[in-house]
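Shown here: target02.txt, compact mmCIF, C-alpha atoms and all ligand atoms.
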```
# COMPACT_ATOMS: atom_id res chain seq x y z
CA MET A 32 149.09 215.98 59.10
CA GLY A 33 151.67 214.17 57.06
CA LYS A 34 150.22 215.39 53.82
CA SER A 35 152.71 214.03 51.34
CA LEU A 36 153.42 216.16 48.34
CA MET A 37 155.00 213.24 46.58
CA ARG A 38 152.42 211.17 44.87
CA LYS A 39 153.18 208.28 42.61
CA PRO A 40 151.10 208.38 39.44
CA ILE A 41 149.62 205.15 38.17
CA GLN A 42 148.51 204.49 34.63
CA VAL A 43 144.85 205.05 33.73
CA LYS A 44 144.33 201.42 32.82
CA GLU A 45 145.74 200.29 36.15
CA ALA A 46 143.60 202.83 38.01
CA VAL A 47 140.45 201.69 36.21
CA GLN A 48 141.29 198.10 37.06
CA LEU A 49 141.88 198.89 40.73
CA VAL A 50 138.58 200.70 41.06
CA THR A 51 136.51 198.04 39.37
CA GLU A 52 138.22 195.29 41.38
CA HIS A 53 137.09 197.03 44.53
CA ALA A 54 133.52 197.52 43.36
CA LYS A 55 131.40 195.08 45.38
CA LEU A 56 128.38 193.48 43.77
CA ILE A 57 125.17 194.83 45.26
CA ASP A 58 121.93 192.91 45.82
CA SER A 59 119.38 192.15 43.18
CA GLU A 60 115.67 192.79 43.23
CA VAL A 61 112.69 191.80 41.14
CA VAL A 62 110.96 194.62 39.30
CA ARG A 63 108.12 194.92 36.83
CA LEU A 64 109.13 194.84 33.19
CA GLU A 65 108.05 198.44 32.61
CA ASP A 66 110.50 199.59 35.25
CA THR A 67 113.55 197.85 33.84
CA TYR A 68 114.83 200.33 31.26
CA GLY A 69 118.53 200.94 31.88
CA ARG A 70 118.76 198.35 34.64
CA ILE A 71 121.32 195.53 34.71
CA LEU A 72 120.00 192.00 34.24
CA ARG A 73 120.74 189.63 37.08
CA GLU A 74 119.31 186.59 35.31
CA PRO A 75 119.91 185.43 31.77
CA ILE A 76 117.09 185.74 29.28
CA ILE A 77 116.26 182.19 28.31
CA ALA A 78 113.89 181.40 25.48
CA ARG A 79 110.86 180.02 27.27
CA HIS A 80 109.46 178.83 23.96
CA ASP A 81 110.30 178.92 20.26
CA VAL A 82 110.12 182.24 18.42
CA PRO A 83 108.07 182.40 16.40
CA PRO A 84 106.01 179.86 18.37
CA PHE A 85 104.37 178.53 15.17
CA ASP A 86 105.07 178.57 11.43
CA ARG A 87 103.59 181.81 10.14
CA SER A 88 103.20 183.96 7.11
CA PRO A 89 105.64 186.84 6.69
CA TYR A 90 103.42 188.43 4.01
CA ASP A 91 99.85 189.10 3.05
CA GLY A 92 99.06 186.48 0.42
CA PHE A 93 97.80 182.96 -0.14
CA ALA A 94 98.94 179.78 1.55
CA ILE A 95 99.25 176.95 -0.96
CA ARG A 96 100.80 173.53 -1.38
CA ALA A 97 104.01 174.32 -3.27
CA GLU A 98 103.68 171.17 -5.33
CA ASP A 99 100.41 172.47 -6.80
CA SER A 100 102.29 175.36 -8.40
CA LEU A 101 104.69 173.10 -10.33
CA GLY A 102 104.88 174.03 -14.00
CA ALA A 103 103.34 177.47 -13.59
CA SER A 104 104.62 180.14 -15.97
CA GLY A 105 103.48 183.28 -17.77
CA SER A 106 101.92 181.19 -20.50
CA ASN A 107 100.62 178.56 -18.10
CA ARG A 108 99.02 180.30 -15.16
CA ILE A 109 97.77 177.92 -12.50
CA GLU A 110 94.52 178.58 -10.70
CA PHE A 111 93.74 178.03 -7.02
CA GLN A 112 90.45 177.90 -5.14
CA VAL A 113 90.36 180.13 -2.08
CA ILE A 114 88.59 178.24 0.70
CA ASP A 115 89.14 180.48 3.72
CA GLU A 116 90.69 183.72 4.91
CA ILE A 117 92.73 184.18 8.09
CA GLY A 118 94.19 187.28 9.66
CA ALA A 119 96.89 187.32 12.35
CA GLY A 120 95.59 185.78 15.54
CA HIS A 121 93.22 183.38 13.74
CA LEU A 122 93.41 179.73 12.81
CA ALA A 123 92.17 178.22 9.55
CA LYS A 124 89.03 176.11 9.92
CA ARG A 125 90.66 173.25 8.01
CA GLY A 126 93.80 172.43 6.09
CA ILE A 127 94.10 172.74 2.33
CA GLU A 128 93.90 170.02 -0.26
CA LYS A 129 95.12 169.83 -3.85
CA GLY A 130 94.46 173.05 -5.78
CA GLU A 131 93.21 174.91 -2.74
CA ALA A 132 94.53 178.02 -1.05
CA ILE A 133 93.79 180.09 2.05
CA ARG A 134 94.02 183.84 1.96
CA ILE A 135 96.45 184.61 4.76
CA MET A 136 97.69 187.82 6.38
CA THR A 137 101.10 188.61 7.88
CA GLY A 138 101.54 186.89 11.22
CA ALA A 139 98.78 184.31 10.72
CA PRO A 140 99.68 180.65 11.30
CA ILE A 141 100.36 178.54 8.22
CA PRO A 142 97.34 176.23 7.67
CA GLU A 143 97.75 172.48 7.71
CA ASN A 144 99.24 171.02 4.48
CA ALA A 145 100.31 174.46 3.21
CA THR A 146 104.01 174.60 2.27
CA ALA A 147 104.40 178.04 0.67
CA VAL A 148 102.92 181.51 0.69
CA VAL A 149 102.25 183.41 -2.50
CA MET A 150 102.42 187.17 -2.02
CA LEU A 151 99.31 189.09 -3.06
CA GLU A 152 101.43 190.98 -5.61
CA GLN A 153 102.31 187.69 -7.31
CA THR A 154 98.72 186.80 -8.11
CA VAL A 155 95.87 187.84 -10.34
CA GLU A 156 92.68 187.55 -8.31
CA SER A 157 89.08 186.94 -9.24
CA ASP A 158 86.12 185.89 -7.14
CA GLN A 159 87.18 182.98 -4.87
CA THR A 160 90.11 182.15 -7.15
CA PHE A 161 93.49 183.48 -8.21
CA THR A 162 96.19 182.49 -10.65
CA LEU A 163 99.95 182.60 -10.40
CA ARG A 164 102.74 182.42 -12.97
CA LYS A 165 105.64 180.80 -11.16
CA ALA A 166 106.35 177.62 -9.26
CA PHE A 167 106.96 177.89 -5.52
CA GLU A 168 109.40 175.86 -3.49
CA ASN A 169 108.61 174.02 -0.32
CA GLY A 170 108.96 176.45 2.56
CA GLU A 171 108.99 179.53 0.35
CA ASN A 172 107.77 182.64 2.21
CA ILE A 173 107.19 180.77 5.45
CA SER A 174 108.61 181.98 8.74
CA LEU A 175 109.51 178.80 10.51
CA ARG A 176 108.76 178.12 14.12
CA GLY A 177 111.94 178.68 16.14
CA GLU A 178 113.84 180.46 13.35
CA ASP A 179 114.48 183.45 15.64
CA ALA A 180 115.03 181.61 18.92
CA THR A 181 114.62 178.05 20.09
CA GLU A 182 113.22 177.03 23.43
CA GLY A 183 115.88 176.75 26.11
CA GLU A 184 118.42 178.91 24.30
CA VAL A 185 120.25 181.51 26.42
CA LEU A 186 119.69 184.65 24.41
CA ILE A 187 121.12 187.36 26.67
CA GLU A 188 123.52 186.72 29.52
CA GLN A 189 123.06 188.26 32.92
CA GLY A 190 125.00 191.47 33.37
CA ALA A 191 123.56 193.03 30.22
CA VAL A 192 122.03 196.48 30.22
CA ILE A 193 118.31 196.43 29.53
CA HIS A 194 117.60 198.64 26.52
CA PRO A 195 114.46 198.79 24.42
CA GLY A 196 115.48 195.73 22.38
CA THR A 197 116.08 193.74 25.56
CA THR A 198 112.67 194.83 26.78
CA ALA A 199 111.06 193.47 23.63
CA LEU A 200 112.76 190.12 24.19
CA LEU A 201 111.71 189.98 27.84
CA ALA A 202 108.13 190.76 26.86
CA THR A 203 108.20 188.10 24.13
CA PHE A 204 108.80 185.41 26.74
CA GLY A 205 106.41 186.77 29.32
CA TYR A 206 108.98 188.09 31.76
CA ALA A 207 106.44 190.33 33.52
CA GLU A 208 108.93 190.58 36.35
CA VAL A 209 112.67 190.65 35.93
CA LYS A 210 115.55 190.14 38.30
CA VAL A 211 117.83 193.15 38.08
CA SER A 212 120.45 194.80 40.23
CA LYS A 213 119.48 197.28 42.85
CA LYS A 214 121.00 200.66 42.25
CA PRO A 215 123.79 201.87 44.45
CA ILE A 216 122.99 204.93 46.52
CA VAL A 217 125.43 207.61 45.59
CA GLY A 218 126.14 210.79 47.50
CA ILE A 219 127.51 213.99 45.99
CA LEU A 220 129.35 216.58 48.06
CA SER A 221 130.96 219.63 46.49
CA THR A 222 133.70 221.27 48.48
CA GLY A 223 135.24 224.70 48.08
CA THR A 224 134.88 227.97 49.97
CA GLU A 225 134.56 229.75 46.64
CA LEU A 226 131.37 227.94 45.67
CA LEU A 227 127.98 229.56 45.18
CA GLU A 228 124.64 227.89 44.56
CA VAL A 229 123.22 227.99 41.06
CA ASN A 230 120.67 230.65 42.05
CA GLU A 231 123.19 232.97 43.72
CA GLU A 232 124.64 236.15 42.22
CA LEU A 233 128.35 236.16 41.53
CA GLU A 234 130.52 237.76 44.18
CA PRO A 235 134.20 238.68 44.00
CA GLY A 236 136.33 235.56 44.22
CA LYS A 237 133.41 233.19 43.95
CA ILE A 238 132.10 230.85 41.27
CA ARG A 239 128.95 228.80 40.97
CA ASN A 240 129.09 225.11 41.77
CA SER A 241 128.90 223.40 38.40
CA ASN A 242 130.35 220.03 39.42
CA GLY A 243 127.52 219.06 41.75
CA PRO A 244 124.78 219.45 39.13
CA MET A 245 127.04 217.93 36.46
CA ILE A 246 127.67 214.76 38.45
CA ALA A 247 124.00 214.55 39.31
CA ALA A 248 123.32 214.55 35.57
CA GLN A 249 126.04 211.98 34.89
CA LEU A 250 124.39 209.73 37.45
CA LYS A 251 120.95 210.39 36.02
CA ARG A 252 122.25 209.37 32.61
CA MET A 253 123.03 206.02 34.26
CA GLY A 254 119.61 205.89 35.87
CA ILE A 255 121.13 206.12 39.33
CA GLN A 256 119.59 208.10 42.17
CA TYR A 257 121.79 210.33 44.21
CA LYS A 258 121.70 212.09 47.52
CA SER A 259 123.01 215.59 47.47
CA TYR A 260 125.05 216.69 50.43
CA GLY A 261 125.24 220.17 48.99
CA MET A 262 128.38 222.25 49.18
CA LEU A 263 130.77 222.92 51.99
CA GLY A 264 133.59 225.40 52.38
CA ASP A 265 137.13 224.16 52.84
CA ASN A 266 136.75 223.39 56.51
CA LEU A 267 138.22 220.15 57.76
CA ASP A 268 135.79 219.49 60.61
CA ALA A 269 132.68 220.38 58.66
CA CYS A 270 133.78 218.26 55.70
CA MET A 271 134.78 215.36 57.92
CA GLU A 272 131.42 215.40 59.66
CA MET A 273 129.51 215.53 56.39
CA VAL A 274 131.55 212.72 54.87
CA GLU A 275 130.86 210.55 57.93
CA THR A 276 127.14 211.24 57.68
CA ALA A 277 127.18 210.56 53.96
CA LEU A 278 128.96 207.25 54.46
CA GLU A 279 126.15 206.08 56.74
CA GLU A 280 123.60 206.83 54.07
CA THR A 281 125.28 205.87 50.82
CA ASP A 282 127.21 203.09 49.09
CA VAL A 283 129.37 205.45 47.10
CA LEU A 284 130.39 208.99 47.91
CA ILE A 285 131.59 211.39 45.27
CA THR A 286 133.28 214.54 46.46
CA THR A 287 134.60 217.25 44.22
CA GLY A 288 137.45 219.58 45.04
CA GLY A 289 139.92 219.59 47.89
CA VAL A 290 141.76 216.52 46.72
CA SER A 291 144.96 218.17 45.61
CA VAL A 292 147.99 219.20 47.66
CA GLY A 293 147.01 222.79 48.42
CA ASP A 294 146.73 224.27 51.89
CA TYR A 295 142.95 223.88 52.00
CA ASP A 296 142.68 220.52 50.31
CA TYR A 297 141.31 218.39 53.11
CA LEU A 298 140.09 215.25 51.39
CA PRO A 299 143.43 213.43 51.72
CA VAL A 300 143.35 214.18 55.45
CA ILE A 301 139.78 212.99 55.70
CA TYR A 302 140.61 209.68 54.03
CA GLU A 303 143.44 209.23 56.47
CA LYS A 304 141.28 210.06 59.50
CA LEU A 305 138.56 207.70 58.32
CA GLY A 306 141.09 204.93 57.92
CA ALA A 307 140.07 204.54 54.30
CA GLU A 308 142.34 202.62 51.96
CA VAL A 309 143.49 204.96 49.23
CA LEU A 310 143.69 202.98 45.99
CA PHE A 311 145.46 205.79 44.21
CA ASN A 312 145.81 209.53 44.53
CA LYS A 313 147.52 210.34 41.29
CA VAL A 314 146.79 209.10 37.80
CA ALA A 315 149.02 209.60 34.79
CA MET A 316 146.35 211.52 32.93
CA ARG A 317 145.29 215.02 32.00
CA PRO A 318 142.96 216.38 33.10
CA GLY A 319 142.31 214.88 36.51
CA SER A 320 145.73 213.69 37.63
CA VAL A 321 144.80 214.29 41.28
CA THR A 322 141.77 212.00 41.07
CA THR A 323 141.73 209.92 44.21
CA VAL A 324 139.77 206.77 44.95
CA ALA A 325 139.54 205.15 48.36
CA THR A 326 137.60 202.27 49.90
CA LEU A 327 136.18 201.93 53.36
CA GLY A 328 134.38 198.67 54.07
CA ASN A 329 132.02 198.22 51.14
CA HIS A 330 132.08 201.90 50.35
CA LEU A 331 133.82 203.53 47.47
CA LEU A 332 134.93 207.13 47.83
CA PHE A 333 135.66 209.11 44.72
CA GLY A 334 137.66 212.26 45.30
CA LEU A 335 137.25 214.04 42.00
CA SER A 336 139.11 217.19 41.14
CA GLY A 337 137.27 220.47 41.42
CA ASN A 338 138.30 221.42 37.92
CA PRO A 339 135.21 220.81 35.80
CA SER A 340 136.89 219.01 32.89
CA ALA A 341 138.87 216.87 35.31
CA CYS A 342 135.77 216.15 37.36
CA PHE A 343 133.79 215.13 34.30
CA THR A 344 136.58 212.90 33.03
CA GLY A 345 137.19 211.33 36.44
CA PHE A 346 133.55 210.35 36.68
CA GLU A 347 133.38 208.83 33.20
CA LEU A 348 136.68 206.98 33.50
CA PHE A 349 136.44 205.67 37.05
CA THR A 350 133.10 206.23 38.74
CA ARG A 351 130.93 205.05 35.92
CA PRO A 352 132.59 201.65 35.38
CA ALA A 353 132.71 201.11 39.14
CA LEU A 354 128.99 201.79 39.52
CA LEU A 355 128.23 199.50 36.59
CA LYS A 356 130.42 196.79 38.09
CA MET A 357 128.62 197.13 41.42
CA MET A 358 125.41 196.45 39.53
CA GLY A 359 126.92 193.35 37.97
CA ALA A 360 127.32 194.82 34.48
CA GLU A 361 129.58 192.90 32.13
CA LYS A 362 130.26 195.77 29.77
CA THR A 363 131.44 198.63 31.92
CA TYR A 364 133.64 200.62 29.59
CA MET A 365 132.99 203.29 27.03
CA PRO A 366 133.23 201.93 23.51
CA ARG A 367 136.37 202.97 21.71
CA THR A 368 136.77 203.82 18.08
CA LYS A 369 139.27 205.53 15.80
CA ALA A 370 139.01 208.88 14.10
CA LEU A 371 141.15 211.44 12.38
CA LEU A 372 142.14 214.36 14.56
CA GLY A 373 140.17 217.39 13.39
CA ASP A 374 142.69 219.98 14.56
CA ASP A 375 146.33 220.27 15.52
CA PHE A 376 146.89 219.51 19.17
CA THR A 377 150.36 220.72 19.83
CA LYS A 378 150.63 220.56 23.62
CA PRO A 379 153.17 217.96 24.65
CA ASN A 380 151.71 215.05 26.55
CA PRO A 381 153.59 213.97 29.65
CA PHE A 382 150.48 212.00 30.63
CA THR A 383 147.66 210.38 28.67
CA ARG A 384 145.38 213.18 27.65
CA PHE A 385 141.59 213.09 27.39
CA ILE A 386 140.09 215.79 25.25
CA ARG A 387 136.41 216.52 25.04
CA ALA A 388 135.60 216.52 21.34
CA VAL A 389 133.03 216.33 18.60
CA TRP A 390 132.96 213.06 16.69
CA GLU A 391 131.34 213.09 13.27
CA MET A 392 131.44 211.27 9.97
CA THR A 393 132.87 213.26 7.09
CA GLU A 394 133.80 212.51 3.49
CA GLU A 395 137.29 211.66 4.74
CA GLY A 396 135.90 209.29 7.32
CA PRO A 397 135.28 209.74 11.04
CA VAL A 398 136.83 212.89 12.45
CA ALA A 399 137.10 213.98 16.08
CA THR A 400 137.69 217.65 16.71
CA PRO A 401 138.61 219.09 20.12
CA ALA A 402 135.63 221.00 21.47
CA GLY A 403 137.43 224.21 22.36
CA PHE A 404 139.39 225.56 25.31
CA ASN A 405 140.86 222.44 26.80
CA LYS A 406 142.48 223.08 30.16
CA SER A 407 141.37 220.93 33.06
CA SER A 408 139.54 223.99 34.38
CA ALA A 409 137.49 224.25 31.18
CA VAL A 410 133.76 224.09 31.49
CA SER A 411 132.75 225.28 28.02
CA SER A 412 134.31 222.36 26.17
CA ILE A 413 132.57 219.76 28.32
CA ALA A 414 129.29 221.23 27.17
CA ARG A 415 130.16 220.59 23.54
CA GLY A 416 130.86 217.37 21.77
CA ASN A 417 129.99 213.76 22.24
CA CYS A 418 133.24 211.95 22.85
CA MET A 419 136.72 212.08 24.33
CA ILE A 420 139.85 211.89 22.24
CA VAL A 421 142.60 209.91 23.94
CA LEU A 422 146.15 210.98 23.19
CA PRO A 423 148.85 208.69 24.55
CA SER A 424 151.58 210.05 26.76
CA GLY A 425 155.12 210.70 25.69
CA THR A 426 154.29 212.49 22.49
CA ARG A 427 155.25 215.93 21.33
CA GLY A 428 151.82 216.85 20.19
CA PHE A 429 149.53 215.76 17.43
CA THR A 430 148.76 217.21 14.07
CA LYS A 431 145.53 217.41 12.17
CA ARG A 432 144.47 214.20 10.38
CA MET A 433 146.56 211.88 12.53
CA GLU A 434 144.61 208.83 13.61
CA VAL A 435 143.55 208.91 17.26
CA ASP A 436 141.57 206.82 19.72
CA VAL A 437 138.14 208.07 20.65
CA LEU A 438 135.92 207.08 23.57
CA LEU A 439 132.21 207.43 22.91
CA LEU A 440 130.06 208.96 25.64
CA GLY A 441 126.46 208.32 26.55
CA VAL A 442 126.18 204.90 24.93
CA GLU A 443 123.49 202.65 26.45
CA GLU A 444 125.71 199.61 26.71
CA GLY A 445 129.49 199.77 26.63
CA VAL A 446 132.18 197.17 26.06
CA SER A 447 133.81 194.63 28.31
CA THR A 448 137.45 195.60 28.00
CA TRP A 449 139.52 198.66 28.59
CA ASP A 450 142.23 198.24 26.03
CA LEU A 451 143.86 201.62 25.74
P1 LIG B 501 140.30 222.01 43.76
O1 LIG B 501 140.13 220.68 43.16
O2 LIG B 501 139.50 222.20 45.01
O3 LIG B 501 141.75 222.36 43.91
O4 LIG B 501 139.69 223.03 42.72
C1 LIG B 501 140.28 223.20 41.45
C2 LIG B 501 139.57 224.28 40.68
O5 LIG B 501 138.24 223.89 40.44
C3 LIG B 501 139.49 225.60 41.39
O6 LIG B 501 139.68 226.63 40.45
C4 LIG B 501 138.11 225.62 41.94
O7 LIG B 501 137.60 226.91 42.14
C5 LIG B 501 137.34 224.88 40.89
N1 LIG B 501 136.18 224.20 41.46
C6 LIG B 501 136.19 223.49 42.60
N2 LIG B 501 134.98 222.97 42.86
C7 LIG B 501 134.19 223.37 41.86
C8 LIG B 501 132.82 223.15 41.56
N3 LIG B 501 132.05 222.42 42.37
N4 LIG B 501 132.32 223.70 40.44
C9 LIG B 501 133.11 224.42 39.62
N5 LIG B 501 134.40 224.65 39.83
C10 LIG B 501 134.96 224.15 40.95
MG MG B 502 139.35 223.64 46.39
```

Take the structure in the file and give it back as structure tokens.
Amino acid sequence: MGKSLMRKPIQVKEAVQLVTEHAKLIDSEVVRLEDTYGRILREPIIARHDVPPFDRSPYDGFAIRAEDSLGASGSNRIEFQVIDEIGAGHLAKRGIEKGEAIRIMTGAPIPENATAVVMLEQTVESDQTFTLRKAFENGENISLRGEDATEGEVLIEQGAVIHPGTTALLATFGYAEVKVSKKPIVGILSTGTELLEVNEELEPGKIRNSNGPMIAAQLKRMGIQYKSYGMLGDNLDACMEMVETALEETDVLITTGGVSVGDYDYLPVIYEKLGAEVLFNKVAMRPGSVTTVATLGNHLLFGLSGNPSACFTGFELFTRPALLKMMGAEKTYMPRTKALLGDDFTKPNPFTRFIRAVWEMTEEGPVATPAGFNKSSAVSSIARGNCMIVLPSGTRGFTKRMEVDVLLLGVEEGVSTWDL
């Protein structure tokens, strides 16, 4: 079969670049605004009008001509005649003249001739009149038309993730329908003769399939549907057949397990038989050094390790940015920050190491603490924590309170560069 045991590791950054370069942009579609949460914009959001669209009051108060308040003070209160009252959504019947005011509520349009708004708290009211004790400047307490956005301005570029703030902006301009990316169809296939379904009792030598459900959840977190191809034992023909079927029905296929160099690791053989182009089959990282990515036509095939921590990390580092890129996202990477290491980490690092950890703010500043047992086979530590610590290769271990890089997980919109 020519299964080579010698694999040349490439650096994580290079691997990420290779994968995203091979991620082909998928089609767009137009969907209703209420269905756009988490989708990737395929058109810029352009201000279709000024925001606010008219000068308006930011407070409940009285609209006056600022000049009429000139000379006002505690010992010289100036009185105004209230000629009208307008709430948000209403227009004044007429403008104001010298000495007049209109009672105005937050969001209501500034009446003609008015140049300032006096807050209710700044007045002493009586029937149809009020007095104030300070002079107001032209424009004081007025929200100006266009101060937030001006017509024609590009406010959000295409390729942005639609989050609740984006939704508000789209709604502001009447984008009842929005052009977004379609979602890639992703298949998940777990391989391993030792695997049991989640509802099966343990048997000697067997373990339950945790990778399949985990990846399904990682995809769900991205709002991406998946097709499950279940689990298969380590059987070349059966796996080959299932992979071929899956490739007909999906854009991206994620397999877990069987990607290493063991006797029953058939994924490398399958890639070869399919004629897929293997982008890499070894990455200078722990866990997940055997992570393999291949392309076949427009398809991407992710061969993730069966080891749960490695599988999790492989998805977040490679699959996630690739899927985002396919959807035209500009910011495909996890945001990175710095923190103090919360514990000694004394294992030497031949490769860049990714450690599932808990990031939190303390009195000493941000601290990231490894989330427990940290072998690539670990499943407990991936359940804890909210980030991954990144320890560079070539070090003899790290001690508590050293500054380390941290990648944040589960953030709605990431960043545009991978600069580790
Ligand atoms: P492999 O990548 O097939 O060499 O598997 C590496 C390790 O991960 C082995 O100990 C497997 O039993 C375990 N493993 C493989 N697939 C899964 C899975 N779907 N869920 C949990 N553990 C798995
Ligand atoms: Mg296996």

Fewer than 5 positions away in the same chain doesn't count, so skip those; otherwise give me all residues within 10 Å of A:Phe382, counting all atoms listed in the file, as a PDB file with C-alpha atoms, in the coordinates of the input.
```pdb
ATOM      1  CA  PRO A  40     151.100 208.380  39.440  1.00  0.00           C
ATOM      2  CA  GLN A  42     148.510 204.490  34.630  1.00  0.00           C
ATOM      3  CA  VAL A  43     144.850 205.050  33.730  1.00  0.00           C
ATOM      4  CA  VAL A 314     146.790 209.100  37.800  1.00  0.00           C
ATOM      5  CA  ALA A 315     149.020 209.600  34.790  1.00  0.00           C
ATOM      6  CA  MET A 316     146.350 211.520  32.930  1.00  0.00           C
ATOM      7  CA  ARG A 317     145.290 215.020  32.000  1.00  0.00           C
ATOM      8  CA  PRO A 318     142.960 216.380  33.100  1.00  0.00           C
ATOM      9  CA  SER A 320     145.730 213.690  37.630  1.00  0.00           C
ATOM     10  CA  LEU A 422     146.150 210.980  23.190  1.00  0.00           C
ATOM     11  CA  PRO A 423     148.850 208.690  24.550  1.00  0.00           C
ATOM     12  CA  SER A 424     151.580 210.050  26.760  1.00  0.00           C
ATOM     13  CA  GLY A 425     155.120 210.700  25.690  1.00  0.00           C
ATOM     14  CA  THR A 426     154.290 212.490  22.490  1.00  0.00           C
TER      15      THR A 426
END
```

Env of stretch 49-61 of chain A: 8 Å cut, atoms = all atoms listed in the file, seq-sep filter 3 positions within chain, self excluded. Answer as a VMD selection string. chain A and resid 45 to 46 73 208 to 215 310 324 326 329 331 349 352 to 354 356 to 359

Could the residues that lie within 9 Å of ligand MG 502 (chain B), counting only C-alpha atoms and all ligand atoms, be listed as a PyMOL selection string? chain A and resi 222-225+264-265+287-291+293+295-297+336-338

Counting only C-alpha atoms, which residues come within 8 Å of (135.8, 216.6, 20.2), with the point read in the file's coordinates, and could you list them as a VMD selection string? chain A and resid 386 to 390 399 to 402 415 to 420

Could you check which of A:Lys251, A:Lys406, A:Lys304, A:Arg384 is closest to ligand LIG 501 (chain B), using all atoms listed in the file? A:Lys406

Leaving out A:Ser174 and any residue of its chain fewer than 2 positions from it, which residues lie within 8 Å of it when counting only C-alpha atoms, given as an MDAnalysis selection string? chainID A and resid 83 86:89 172 176 178

Coordinates-based distance that separates atom CA of A:Phe204 from atom CA of A:Glu143 (Å, one decimal):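 Answer for the atom CA of A:Glu143 to atom CA of A:Phe204 separation: 25.5 Å.
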
Pick from A:Val283, A:Val421, A:Ile114, A:Ala409 nearest to ligand LIG 501 (chain B), counting only C-alpha atoms and all ligand atoms: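 Nearest to ligand LIG 501 (chain B): A:Ala409.
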
Could the centre and edge lengths of an axis-aligned box, enclosing all atoms of stretch 282-288 of chain A in the file with 8 Å extra on each side, be given in Å to one decimal as AutoDock Vina command-line options?
```
--center_x 132.3 --center_y 211.3 --center_z 46.7 --size_x 26.2 --size_y 32.5 --size_z 20.9
```

Would you mind listing what lies within 10 Å of stretch 276-279 of chain A as a list of chain:residue names, with only C-alpha atoms counted and same-chain residues fewer than 3 positions away left out?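 Counting only the stated atoms, we get A:Val217, A:Gly218, A:Ile219, A:Leu220, A:Lys258, A:Ser259, A:Tyr260, A:Cys270, A:Met271, A:Glu272, A:Met273, A:Asp282, A:Val283, A:Leu284, A:Ile285, A:Leu327, A:His330, A:Leu331, A:Leu332.
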
Of the listed residues A:Ile77, A:Ala414, A:Met245, A:Leu263, that which approaches A:Glu182 most closely, counting all atoms listed in the file: A:Ile77

Give me, please, the distance in Å between atom CA of A:Arg164 and atom CA of A:Ala103, quoted to one decimal.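 Computing it gives 5.0 Å between the two atoms.
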
If you measure from atom CA of A:Ala147 to atom CA of A:Gly170, what distance in Å do you get, rounded to one decimal? 5.2 Å

From the options A:Ser447, A:Asn312, A:Ser408, A:Ser157, which residue's atoms come nearest to A:Cys342, counting all atoms listed in the file?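 Going through A:Ser447, A:Asn312, A:Ser408, A:Ser157 one by one, the smallest distance to A:Cys342 is for A:Ser408.
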